[in-house]
Structure formats: structure tokens, C-alpha cells
$ cat entry_1.cif   # mmCIF, N, CA and C atoms and all ligand atoms
data_target
#
loop_
_atom_site.label_atom_id
_atom_site.label_comp_id
_atom_site.auth_asym_id
_atom_site.auth_seq_id
_atom_site.Cartn_x
_atom_site.Cartn_y
_atom_site.Cartn_z
N MET A 57 0.84 -1.20 0.00
CA MET A 57 0.00 0.00 0.00
C MET A 57 0.88 1.25 0.00
N TYR A 58 1.89 1.21 0.80
CA TYR A 58 2.79 2.36 0.90
C TYR A 58 3.47 2.61 -0.45
N VAL A 59 3.92 1.53 -1.07
CA VAL A 59 4.59 1.65 -2.37
C VAL A 59 3.62 2.20 -3.41
N PHE A 60 2.40 1.70 -3.36
CA PHE A 60 1.36 2.15 -4.31
C PHE A 60 1.14 3.66 -4.17
N ASP A 61 1.02 4.11 -2.94
CA ASP A 61 0.81 5.54 -2.69
C ASP A 61 1.95 6.38 -3.25
N LEU A 62 3.13 5.89 -3.04
CA LEU A 62 4.31 6.58 -3.54
C LEU A 62 4.25 6.73 -5.06
N GLN A 63 3.85 5.65 -5.72
CA GLN A 63 3.78 5.68 -7.19
C GLN A 63 2.75 6.69 -7.67
N VAL A 64 1.63 6.71 -6.98
CA VAL A 64 0.57 7.65 -7.36
C VAL A 64 1.10 9.08 -7.23
N THR A 65 1.76 9.35 -6.12
CA THR A 65 2.31 10.68 -5.89
C THR A 65 3.32 11.04 -6.98
N LYS A 66 4.18 10.09 -7.29
CA LYS A 66 5.21 10.32 -8.30
C LYS A 66 4.55 10.61 -9.66
N TYR A 67 3.52 9.85 -9.99
CA TYR A 67 2.83 10.02 -11.26
C TYR A 67 2.23 11.42 -11.34
N GLN A 68 1.57 11.83 -10.24
CA GLN A 68 0.92 13.15 -10.24
C GLN A 68 1.94 14.27 -10.40
N VAL A 69 3.07 14.10 -9.74
CA VAL A 69 4.12 15.11 -9.85
C VAL A 69 4.60 15.21 -11.30
N ILE A 70 4.84 14.07 -11.91
CA ILE A 70 5.32 14.05 -13.29
C ILE A 70 4.28 14.66 -14.23
N LYS A 71 3.02 14.29 -14.02
CA LYS A 71 1.96 14.76 -14.90
C LYS A 71 1.84 16.28 -14.84
N GLN A 72 2.04 16.85 -13.64
CA GLN A 72 1.84 18.28 -13.48
C GLN A 72 3.05 19.11 -13.91
N MET A 73 4.17 18.47 -14.11
CA MET A 73 5.38 19.22 -14.40
C MET A 73 5.35 19.82 -15.80
N ALA A 74 5.59 21.09 -15.86
CA ALA A 74 5.72 21.76 -17.15
C ALA A 74 7.21 21.93 -17.43
N SER A 75 7.54 22.26 -18.67
CA SER A 75 8.95 22.46 -19.02
C SER A 75 9.47 23.71 -18.33
N GLU A 76 10.78 23.77 -18.13
CA GLU A 76 11.39 24.95 -17.51
C GLU A 76 11.17 26.18 -18.40
N ALA A 77 11.13 25.97 -19.71
CA ALA A 77 10.89 27.08 -20.64
C ALA A 77 9.52 27.70 -20.40
N LEU A 78 8.54 26.86 -20.15
CA LEU A 78 7.18 27.37 -19.91
C LEU A 78 7.10 28.06 -18.55
N GLU A 79 7.78 27.49 -17.55
CA GLU A 79 7.79 28.13 -16.23
C GLU A 79 8.42 29.52 -16.34
N ARG A 80 9.49 29.63 -17.12
CA ARG A 80 10.19 30.90 -17.29
C ARG A 80 9.29 31.92 -18.01
N LYS A 81 8.65 31.46 -19.08
CA LYS A 81 7.73 32.32 -19.83
C LYS A 81 6.64 32.87 -18.90
N THR A 82 6.13 32.00 -18.04
CA THR A 82 5.06 32.39 -17.12
C THR A 82 5.56 33.43 -16.13
N ARG A 83 6.76 33.19 -15.58
CA ARG A 83 7.34 34.15 -14.62
C ARG A 83 7.57 35.51 -15.29
N ASN A 84 8.07 35.48 -16.52
CA ASN A 84 8.32 36.73 -17.24
C ASN A 84 7.03 37.50 -17.51
N TYR A 85 5.99 36.77 -17.86
CA TYR A 85 4.70 37.40 -18.13
C TYR A 85 4.14 38.02 -16.86
N ALA A 86 4.28 37.30 -15.74
CA ALA A 86 3.79 37.81 -14.44
C ALA A 86 4.55 39.08 -14.06
N LEU A 87 5.85 39.11 -14.32
CA LEU A 87 6.66 40.30 -14.02
C LEU A 87 6.26 41.48 -14.90
N LYS A 88 6.01 41.18 -16.18
CA LYS A 88 5.62 42.22 -17.13
C LYS A 88 4.30 42.86 -16.69
N LEU A 89 3.35 42.04 -16.26
CA LEU A 89 2.05 42.56 -15.81
C LEU A 89 2.22 43.39 -14.53
N LYS A 90 3.08 42.94 -13.63
CA LYS A 90 3.30 43.68 -12.39
C LYS A 90 3.90 45.05 -12.70
N ARG A 91 4.89 45.07 -13.62
CA ARG A 91 5.53 46.34 -13.98
C ARG A 91 4.52 47.32 -14.58
N SER A 92 3.58 46.81 -15.36
CA SER A 92 2.58 47.69 -15.95
C SER A 92 1.35 47.84 -15.04
N LYS A 93 1.51 47.36 -13.80
CA LYS A 93 0.45 47.45 -12.79
C LYS A 93 -0.87 46.84 -13.27
N ASN A 94 -0.75 45.81 -14.05
CA ASN A 94 -1.94 45.07 -14.52
C ASN A 94 -2.14 43.90 -13.56
N TYR A 95 -2.96 44.12 -12.56
CA TYR A 95 -3.09 43.14 -11.49
C TYR A 95 -4.23 42.17 -11.72
N VAL A 96 -4.09 41.36 -12.73
CA VAL A 96 -5.07 40.29 -12.94
C VAL A 96 -4.87 39.26 -11.83
N ALA A 97 -5.86 38.41 -11.63
CA ALA A 97 -5.78 37.46 -10.54
C ALA A 97 -4.62 36.47 -10.71
N MET A 98 -4.42 36.00 -11.94
CA MET A 98 -3.49 34.88 -12.11
C MET A 98 -2.97 34.80 -13.54
N VAL A 99 -1.75 34.31 -13.68
CA VAL A 99 -1.25 33.94 -15.00
C VAL A 99 -0.76 32.49 -14.93
N VAL A 100 -0.82 31.82 -16.07
CA VAL A 100 -0.35 30.43 -16.13
C VAL A 100 0.06 30.11 -17.57
N GLY A 101 0.90 29.11 -17.71
CA GLY A 101 1.30 28.64 -19.02
C GLY A 101 0.73 27.26 -19.26
N ALA A 102 0.37 27.00 -20.53
CA ALA A 102 -0.10 25.67 -20.93
C ALA A 102 0.78 25.19 -22.07
N GLU A 103 0.99 23.91 -22.15
CA GLU A 103 1.80 23.41 -23.26
C GLU A 103 1.47 21.97 -23.61
N PHE A 104 1.74 21.69 -24.87
CA PHE A 104 1.81 20.31 -25.32
C PHE A 104 2.99 20.26 -26.27
N SER A 105 3.98 19.49 -25.87
CA SER A 105 5.21 19.42 -26.66
C SER A 105 5.76 20.83 -26.89
N ARG A 106 5.90 21.24 -28.15
CA ARG A 106 6.50 22.57 -28.37
C ARG A 106 5.47 23.68 -28.45
N THR A 107 4.20 23.32 -28.41
CA THR A 107 3.15 24.32 -28.47
C THR A 107 2.92 24.88 -27.06
N LYS A 108 3.18 26.16 -26.91
CA LYS A 108 3.08 26.78 -25.59
C LYS A 108 2.21 28.02 -25.66
N SER A 109 1.53 28.31 -24.57
CA SER A 109 0.73 29.52 -24.49
C SER A 109 0.69 29.99 -23.04
N VAL A 110 0.91 31.27 -22.84
CA VAL A 110 0.82 31.84 -21.50
C VAL A 110 -0.31 32.86 -21.52
N ASP A 111 -1.18 32.78 -20.54
CA ASP A 111 -2.33 33.70 -20.53
C ASP A 111 -2.71 34.06 -19.10
N LYS A 112 -3.66 34.95 -18.99
CA LYS A 112 -4.10 35.44 -17.68
C LYS A 112 -5.57 35.10 -17.47
N SER A 113 -6.01 35.24 -16.23
CA SER A 113 -7.42 34.99 -15.96
C SER A 113 -8.26 36.13 -16.51
N LYS A 114 -9.25 35.77 -17.27
CA LYS A 114 -10.22 36.72 -17.85
C LYS A 114 -11.38 35.91 -18.40
N LEU A 115 -12.49 36.54 -18.61
CA LEU A 115 -13.64 35.83 -19.15
C LEU A 115 -13.35 35.40 -20.58
N LEU A 116 -13.37 34.08 -20.81
CA LEU A 116 -13.17 33.57 -22.17
C LEU A 116 -14.54 33.43 -22.82
N CYS A 117 -14.76 34.22 -23.85
CA CYS A 117 -16.04 34.24 -24.55
C CYS A 117 -16.38 32.83 -25.06
N SER A 118 -17.61 32.41 -24.87
CA SER A 118 -17.98 31.03 -25.23
C SER A 118 -17.84 30.78 -26.73
N THR A 119 -17.93 31.83 -27.54
CA THR A 119 -17.78 31.63 -28.98
C THR A 119 -16.32 31.38 -29.37
N ASP A 120 -15.41 31.74 -28.48
CA ASP A 120 -13.98 31.49 -28.73
C ASP A 120 -13.52 30.17 -28.11
N MET A 121 -14.41 29.53 -27.39
CA MET A 121 -14.04 28.32 -26.66
C MET A 121 -14.19 27.10 -27.56
N VAL A 122 -13.19 26.23 -27.58
CA VAL A 122 -13.34 25.00 -28.36
C VAL A 122 -14.39 24.13 -27.66
N SER A 123 -15.17 23.40 -28.45
CA SER A 123 -16.34 22.70 -27.89
C SER A 123 -15.96 21.66 -26.85
N LYS A 124 -14.83 21.00 -27.04
CA LYS A 124 -14.37 20.01 -26.07
C LYS A 124 -14.22 20.62 -24.67
N LEU A 125 -13.63 21.78 -24.62
CA LEU A 125 -13.42 22.48 -23.35
C LEU A 125 -14.75 23.03 -22.82
N LYS A 126 -15.53 23.58 -23.72
CA LYS A 126 -16.82 24.15 -23.32
C LYS A 126 -17.71 23.09 -22.68
N ASN A 127 -17.76 21.92 -23.30
CA ASN A 127 -18.60 20.84 -22.77
C ASN A 127 -18.14 20.39 -21.39
N ARG A 128 -16.83 20.31 -21.21
CA ARG A 128 -16.31 19.89 -19.91
C ARG A 128 -16.63 20.94 -18.85
N LEU A 129 -16.47 22.21 -19.19
CA LEU A 129 -16.78 23.28 -18.24
C LEU A 129 -18.26 23.28 -17.87
N LYS A 130 -19.10 23.05 -18.88
CA LYS A 130 -20.55 23.04 -18.63
C LYS A 130 -20.96 21.87 -17.74
N SER A 131 -20.14 20.81 -17.74
CA SER A 131 -20.44 19.68 -16.86
C SER A 131 -20.19 20.05 -15.39
N LEU A 132 -19.42 21.11 -15.17
CA LEU A 132 -19.18 21.57 -13.79
C LEU A 132 -20.29 22.50 -13.31
N GLY A 133 -20.91 23.21 -14.23
CA GLY A 133 -21.96 24.18 -13.89
C GLY A 133 -22.11 25.16 -15.04
N ASN A 134 -22.99 26.14 -14.86
CA ASN A 134 -23.19 27.14 -15.92
C ASN A 134 -21.92 27.94 -16.14
N LEU A 135 -21.64 28.24 -17.40
CA LEU A 135 -20.50 29.09 -17.72
C LEU A 135 -20.64 30.43 -16.99
N TYR A 136 -19.55 30.90 -16.46
CA TYR A 136 -19.43 32.21 -15.78
C TYR A 136 -20.19 32.27 -14.45
N SER A 137 -20.61 31.11 -13.95
CA SER A 137 -21.18 31.08 -12.60
C SER A 137 -20.09 30.70 -11.63
N LYS A 138 -20.26 31.06 -10.37
CA LYS A 138 -19.27 30.74 -9.33
C LYS A 138 -19.41 29.30 -8.90
N LYS A 139 -18.30 28.63 -8.82
CA LYS A 139 -18.29 27.25 -8.33
C LYS A 139 -16.99 27.04 -7.58
N ASN A 140 -17.08 26.50 -6.38
CA ASN A 140 -15.89 26.26 -5.54
C ASN A 140 -15.03 27.52 -5.40
N GLY A 141 -15.67 28.68 -5.37
CA GLY A 141 -14.95 29.93 -5.16
C GLY A 141 -14.35 30.55 -6.41
N ASN A 142 -14.50 29.89 -7.57
CA ASN A 142 -13.97 30.45 -8.81
C ASN A 142 -15.06 30.51 -9.88
N THR A 143 -14.89 31.41 -10.83
CA THR A 143 -15.89 31.56 -11.88
C THR A 143 -15.55 30.63 -13.05
N ILE A 144 -16.50 29.80 -13.41
CA ILE A 144 -16.29 28.82 -14.49
C ILE A 144 -16.08 29.54 -15.82
N GLY A 145 -14.96 29.26 -16.48
CA GLY A 145 -14.69 29.84 -17.80
C GLY A 145 -13.86 31.10 -17.76
N CYS A 146 -13.31 31.45 -16.60
CA CYS A 146 -12.52 32.68 -16.50
C CYS A 146 -11.08 32.45 -16.03
N CYS A 147 -10.73 31.23 -15.71
CA CYS A 147 -9.39 30.96 -15.18
C CYS A 147 -8.31 31.13 -16.25
N ALA A 148 -7.12 31.44 -15.82
CA ALA A 148 -5.98 31.53 -16.73
C ALA A 148 -5.76 30.19 -17.44
N GLU A 149 -5.96 29.09 -16.71
CA GLU A 149 -5.78 27.76 -17.29
C GLU A 149 -6.74 27.53 -18.47
N VAL A 150 -7.96 28.02 -18.31
CA VAL A 150 -8.97 27.86 -19.37
C VAL A 150 -8.54 28.65 -20.61
N ASN A 151 -8.07 29.87 -20.39
CA ASN A 151 -7.63 30.71 -21.51
C ASN A 151 -6.41 30.14 -22.22
N ALA A 152 -5.40 29.74 -21.44
CA ALA A 152 -4.18 29.20 -22.05
C ALA A 152 -4.44 27.82 -22.65
N GLY A 153 -5.23 27.01 -21.95
CA GLY A 153 -5.55 25.67 -22.44
C GLY A 153 -6.35 25.72 -23.73
N ASN A 154 -7.26 26.66 -23.82
CA ASN A 154 -8.07 26.82 -25.02
C ASN A 154 -7.20 27.17 -26.23
N ASP A 155 -6.20 27.99 -25.98
CA ASP A 155 -5.28 28.37 -27.05
C ASP A 155 -4.53 27.15 -27.59
N ILE A 156 -4.11 26.28 -26.69
CA ILE A 156 -3.43 25.05 -27.11
C ILE A 156 -4.38 24.16 -27.91
N LEU A 157 -5.61 24.05 -27.44
CA LEU A 157 -6.60 23.19 -28.11
C LEU A 157 -6.97 23.72 -29.49
N LYS A 158 -6.92 25.04 -29.66
CA LYS A 158 -7.20 25.62 -30.98
C LYS A 158 -6.09 25.24 -31.97
N LYS A 159 -4.86 25.17 -31.45
CA LYS A 159 -3.72 24.82 -32.30
C LYS A 159 -3.60 23.31 -32.49
N LYS A 160 -4.04 22.55 -31.50
CA LYS A 160 -3.95 21.08 -31.54
C LYS A 160 -5.32 20.49 -31.22
N PRO A 161 -6.25 20.52 -32.19
CA PRO A 161 -7.64 20.12 -31.93
C PRO A 161 -7.82 18.66 -31.52
N ASN A 162 -6.87 17.81 -31.81
CA ASN A 162 -7.05 16.39 -31.47
C ASN A 162 -6.61 16.04 -30.05
N LEU A 163 -6.06 16.99 -29.36
CA LEU A 163 -5.59 16.72 -28.00
C LEU A 163 -6.74 16.45 -27.04
N ASN A 164 -6.48 15.61 -26.07
CA ASN A 164 -7.41 15.45 -24.96
C ASN A 164 -7.07 16.50 -23.91
N LEU A 165 -8.06 16.87 -23.13
CA LEU A 165 -7.85 17.91 -22.12
C LEU A 165 -6.76 17.52 -21.12
N ASN A 166 -6.66 16.23 -20.84
CA ASN A 166 -5.66 15.81 -19.83
C ASN A 166 -4.24 15.71 -20.39
N GLN A 167 -4.06 16.00 -21.65
CA GLN A 167 -2.71 15.97 -22.23
C GLN A 167 -2.00 17.32 -22.13
N ILE A 168 -2.74 18.33 -21.72
CA ILE A 168 -2.15 19.67 -21.61
C ILE A 168 -1.44 19.78 -20.26
N ARG A 169 -0.23 20.26 -20.30
CA ARG A 169 0.51 20.47 -19.04
C ARG A 169 0.51 21.95 -18.69
N PHE A 170 0.51 22.23 -17.40
CA PHE A 170 0.44 23.62 -16.94
C PHE A 170 1.63 23.97 -16.07
N SER A 171 2.06 25.20 -16.18
CA SER A 171 3.12 25.70 -15.30
C SER A 171 2.52 26.08 -13.95
N THR A 172 3.35 26.45 -13.02
CA THR A 172 2.87 26.91 -11.72
C THR A 172 2.16 28.25 -11.90
N PRO A 173 0.90 28.36 -11.48
CA PRO A 173 0.20 29.65 -11.59
C PRO A 173 0.86 30.70 -10.70
N ILE A 174 0.88 31.94 -11.18
CA ILE A 174 1.48 33.05 -10.42
C ILE A 174 0.49 34.20 -10.34
N ARG A 175 0.44 34.83 -9.16
CA ARG A 175 -0.38 36.04 -8.99
C ARG A 175 0.53 37.23 -9.26
N PRO A 176 0.30 37.97 -10.36
CA PRO A 176 1.22 39.04 -10.76
C PRO A 176 1.47 40.10 -9.68
N ARG A 177 0.45 40.49 -8.97
CA ARG A 177 0.59 41.58 -7.99
C ARG A 177 1.62 41.24 -6.92
N THR A 178 1.59 39.98 -6.46
CA THR A 178 2.48 39.58 -5.36
C THR A 178 3.62 38.69 -5.83
N GLN A 179 3.54 38.21 -7.09
CA GLN A 179 4.51 37.25 -7.64
C GLN A 179 4.48 35.92 -6.88
N GLN A 180 3.39 35.71 -6.18
CA GLN A 180 3.23 34.52 -5.38
C GLN A 180 2.85 33.32 -6.25
N LYS A 181 3.44 32.17 -5.92
CA LYS A 181 3.07 30.94 -6.61
C LYS A 181 1.74 30.45 -6.07
N MET A 182 0.86 30.07 -6.96
CA MET A 182 -0.48 29.66 -6.55
C MET A 182 -0.71 28.19 -6.93
N LYS A 183 -1.88 27.70 -6.56
CA LYS A 183 -2.24 26.33 -6.94
C LYS A 183 -3.40 26.37 -7.94
N MET A 184 -3.42 25.39 -8.81
CA MET A 184 -4.53 25.26 -9.74
C MET A 184 -5.83 25.07 -8.94
N CYS A 185 -6.89 25.74 -9.35
CA CYS A 185 -8.14 25.63 -8.59
C CYS A 185 -8.82 24.29 -8.84
N TYR A 186 -9.78 23.99 -7.99
CA TYR A 186 -10.45 22.69 -8.07
C TYR A 186 -11.19 22.52 -9.41
N ASN A 187 -11.80 23.59 -9.89
CA ASN A 187 -12.52 23.51 -11.18
C ASN A 187 -11.57 23.12 -12.32
N CYS A 188 -10.39 23.72 -12.31
CA CYS A 188 -9.42 23.41 -13.37
C CYS A 188 -8.89 22.00 -13.24
N LYS A 189 -8.71 21.55 -12.00
CA LYS A 189 -8.27 20.16 -11.80
C LYS A 189 -9.29 19.20 -12.39
N GLN A 190 -10.59 19.52 -12.19
CA GLN A 190 -11.65 18.68 -12.74
C GLN A 190 -11.70 18.79 -14.26
N THR A 191 -11.40 19.97 -14.78
CA THR A 191 -11.49 20.21 -16.21
C THR A 191 -10.36 19.53 -16.99
N PHE A 192 -9.17 19.59 -16.45
CA PHE A 192 -8.00 19.09 -17.20
C PHE A 192 -7.45 17.79 -16.62
N ARG A 193 -8.27 17.06 -15.88
CA ARG A 193 -7.80 15.83 -15.24
C ARG A 193 -7.50 14.76 -16.30
ZN ZN B 1 -9.10 27.45 -12.29
#

$ encode --input "entry_1.cif" --output "C-alpha cells"
Amino acid sequence: MYVFDLQVTKYQVIKQMASEALERKTRNYALKLKRSKNYVAMVVGAEFSRTKSVDKSKLLCSTDMVSKLKNRLKSLGNLYSKKNGNTIGCCAEVNAGNDILKKKPNLNLNQIRFSTPIRPRTQQKMKMCYNCKQTFR
């Protein structure tokens, strides 16, 4: 049982790891926003292989959302409604992940890797919210 738990932990760590290049891009973007005093809630990077995208939390218009992502978000609740303390369809992960899916339409949601989310105002490292964990699991 102990060994099994260890493996699960190891797998989750590996799955969540983004490339150092993406982590750097995310940090640079967070710094750029702080310098311009653009205090959005969060920035994050998404990637699949060499396709990378860094974005911030903002309302992603449903007409710009790929249907695969839209359907998964709708399974959590109404778009743009509050759930688990966050608004569905507004996270940085949703924006950056959608960009990857537009470029790679055949990808599954769980194939997208994310960098550590950062809050630009404080440069603090954050955790992916529960809604995003459910969306990109
Ligand atoms: Zn989220």
C-alpha cells in the first residue's frame, strides 16, 4: 500500500510538471504585468510538446471556446457562474488551455501540461483551482 501511494504521488508530480521554458515564460509574463500594474488574478502557461501559451485569468467568450473544453466546463456548472470559489470559464488555465486546443484540436484535455500559476501583484506561486483540476484531469 505504501509503495502504491508513492507511485501515485510520483505520477501526479510528473503529470503536473511543465517544461522549464514554460515556467520561465510564465514568470516573465507575471513580471511584465506587475511592472505595468496590470493586477489580474493569475497567470499560467499551458503546453503540449513545443506548443506553448501563457495567458491570464479573464472571461473567455464562449464563442472562442473549443467545444471540447466548453462541454467539460458546462459539466461543472453554468459558464461564468461561481463554483468552488472560482468563476467557471474565467481561469488563466482555461484561456491558455483553449489556445493550445485551438492549435492542436485532437488533444485530450488531460494531455495539456500547466506551469505553476502566479499572482502578478504579489509574484506569489499559486495552486490550480479545483474547477481546473476537474477540467483538465
Ligand atoms: Zn481554475

$ closest_residue --input "entry_1.cif" --among "A:Met184, A:Leu129, A:Ala97, A:Ile168" --to "ligand ZN 1 (chain B)" --atoms "only C-alpha atoms and all ligand atoms"
A:Met184

$ residues_near_ligand --input "entry_1.cif" --ligand "ligand ZN 1 (chain B)" --cutoff "9 Å" --atoms "only C-alpha atoms and all ligand atoms" --output "mmCIF file with N, CA and C atoms, keeping the file's coordinate frame"
data_model
loop_
_atom_site.group_PDB
_atom_site.id
_atom_site.type_symbol
_atom_site.label_atom_id
_atom_site.label_comp_id
_atom_site.auth_asym_id
_atom_site.auth_seq_id
_atom_site.Cartn_x
_atom_site.Cartn_y
_atom_site.Cartn_z
ATOM 1 N N SER A 113 -6.010 35.240 -16.230
ATOM 2 C CA SER A 113 -7.420 34.990 -15.960
ATOM 3 C C SER A 113 -8.260 36.130 -16.510
ATOM 4 N N ASN A 142 -14.500 29.890 -7.570
ATOM 5 C CA ASN A 142 -13.970 30.450 -8.810
ATOM 6 C C ASN A 142 -15.060 30.510 -9.880
ATOM 7 N N THR A 143 -14.890 31.410 -10.830
ATOM 8 C CA THR A 143 -15.890 31.560 -11.880
ATOM 9 C C THR A 143 -15.550 30.630 -13.050
ATOM 10 N N ILE A 144 -16.500 29.800 -13.410
ATOM 11 C CA ILE A 144 -16.290 28.820 -14.490
ATOM 12 C C ILE A 144 -16.080 29.540 -15.820
ATOM 13 N N GLY A 145 -14.960 29.260 -16.480
ATOM 14 C CA GLY A 145 -14.690 29.840 -17.800
ATOM 15 C C GLY A 145 -13.860 31.100 -17.760
ATOM 16 N N CYS A 146 -13.310 31.450 -16.600
ATOM 17 C CA CYS A 146 -12.520 32.680 -16.500
ATOM 18 C C CYS A 146 -11.080 32.450 -16.030
ATOM 19 N N CYS A 147 -10.730 31.230 -15.710
ATOM 20 C CA CYS A 147 -9.390 30.960 -15.180
ATOM 21 C C CYS A 147 -8.310 31.130 -16.250
ATOM 22 N N ALA A 148 -7.120 31.440 -15.820
ATOM 23 C CA ALA A 148 -5.980 31.530 -16.730
ATOM 24 C C ALA A 148 -5.760 30.190 -17.440
ATOM 25 N N GLU A 149 -5.960 29.090 -16.710
ATOM 26 C CA GLU A 149 -5.780 27.760 -17.290
ATOM 27 C C GLU A 149 -6.740 27.530 -18.470
ATOM 28 N N VAL A 150 -7.960 28.020 -18.310
ATOM 29 C CA VAL A 150 -8.970 27.860 -19.370
ATOM 30 C C VAL A 150 -8.540 28.650 -20.610
ATOM 31 N N LYS A 183 -1.880 27.700 -6.560
ATOM 32 C CA LYS A 183 -2.240 26.330 -6.940
ATOM 33 C C LYS A 183 -3.400 26.370 -7.940
ATOM 34 N N MET A 184 -3.420 25.390 -8.810
ATOM 35 C CA MET A 184 -4.530 25.260 -9.740
ATOM 36 C C MET A 184 -5.830 25.070 -8.940
ATOM 37 N N CYS A 185 -6.890 25.740 -9.350
ATOM 38 C CA CYS A 185 -8.140 25.630 -8.590
ATOM 39 C C CYS A 185 -8.820 24.290 -8.840
ATOM 40 N N TYR A 186 -9.780 23.990 -7.990
ATOM 41 C CA TYR A 186 -10.450 22.690 -8.070
ATOM 42 C C TYR A 186 -11.190 22.520 -9.410
ATOM 43 N N ASN A 187 -11.800 23.590 -9.890
ATOM 44 C CA ASN A 187 -12.520 23.510 -11.180
ATOM 45 C C ASN A 187 -11.570 23.120 -12.320
ATOM 46 N N CYS A 188 -10.390 23.720 -12.310
ATOM 47 C CA CYS A 188 -9.420 23.410 -13.370
ATOM 48 C C CYS A 188 -8.890 22.000 -13.240
ATOM 49 N N LYS A 189 -8.710 21.550 -12.000
ATOM 50 C CA LYS A 189 -8.270 20.160 -11.800
ATOM 51 C C LYS A 189 -9.290 19.200 -12.390
ATOM 52 N N THR A 191 -11.400 19.970 -14.780
ATOM 53 C CA THR A 191 -11.490 20.210 -16.210
ATOM 54 C C THR A 191 -10.360 19.530 -16.990
#

$ closest_residue --input "entry_1.cif" --among "A:Lys181, A:Arg169, A:Arg193, A:Lys114" --to "Ala74 (chain A)" --atoms "all atoms listed in the file"
A:Arg169

$ closest_residue --input "entry_1.cif" --among "A:Lys81, A:Lys90, A:Lys138, A:Arg177" --to "Asp111 (chain A)" --atoms "all atoms listed in the file"
A:Lys81

$ closest_residue --input "entry_1.cif" --among "A:Lys130, A:Val100, A:Ile156, A:Gln190" --to "Arg83 (chain A)" --atoms "only N, CA and C atoms"
A:Val100

$ atom_distance --input "entry_1.cif" --atom1 "CA of Asn84 (chain A)" --atom2 "CA of Asn166 (chain A)"
25.3 Å

$ select_by_dssp --input "entry_1.cif" --residues "chain A" --states "alpha helix (DSSP H)" --output "PyMOL selection string"
chain A and resi 58-72+76-91+123-132+148-159+186-191

$ closest_residue --input "entry_1.cif" --among "A:Thr178, A:Gln167, A:Ala86, A:Lys126" --to "Ser105 (chain A)" --atoms "all atoms listed in the file"
A:Gln167

$ axis_aligned_box --input "entry_1.cif" --around "region 171-188 of chain A" --padding-each-side "6 Å" --output "lines of an AutoDock Vina configuration file"
center_x = -4.0
center_y = 31.8
center_z = -10.8
size_x = 29.0
size_y = 31.6
size_z = 22.8

$ residues_around --input "entry_1.cif" --residues "region 118-124 of chain A" --least-positions-apart "3" --cutoff "7 Å" --atoms "all atoms listed in the file" --output "number ranges by chain"
A: 115, 127-129, 154, 157-158

$ closest_residue --input "entry_1.cif" --among "A:Asn134, A:Leu78, A:Pro161, A:Met73" --to "Arg106 (chain A)" --atoms "only C-alpha atoms"
A:Leu78

$ atom_distance --input "entry_1.cif" --atom1 "atom N of Tyr95 (chain A)" --atom2 "CA of Asn151 (chain A)"
16.8 Å

$ atom_distance --input "entry_1.cif" --atom1 "CA of Ser109 (chain A)" --atom2 "CA of Lys93 (chain A)"
21.4 Å

$ select_by_dssp --input "entry_1.cif" --residues "chain A" --states "strand (DSSP E)" --output "PyMOL selection string"
chain A and resi 99-104+107-112+138-139+142-143+169-170+174-175+180-181
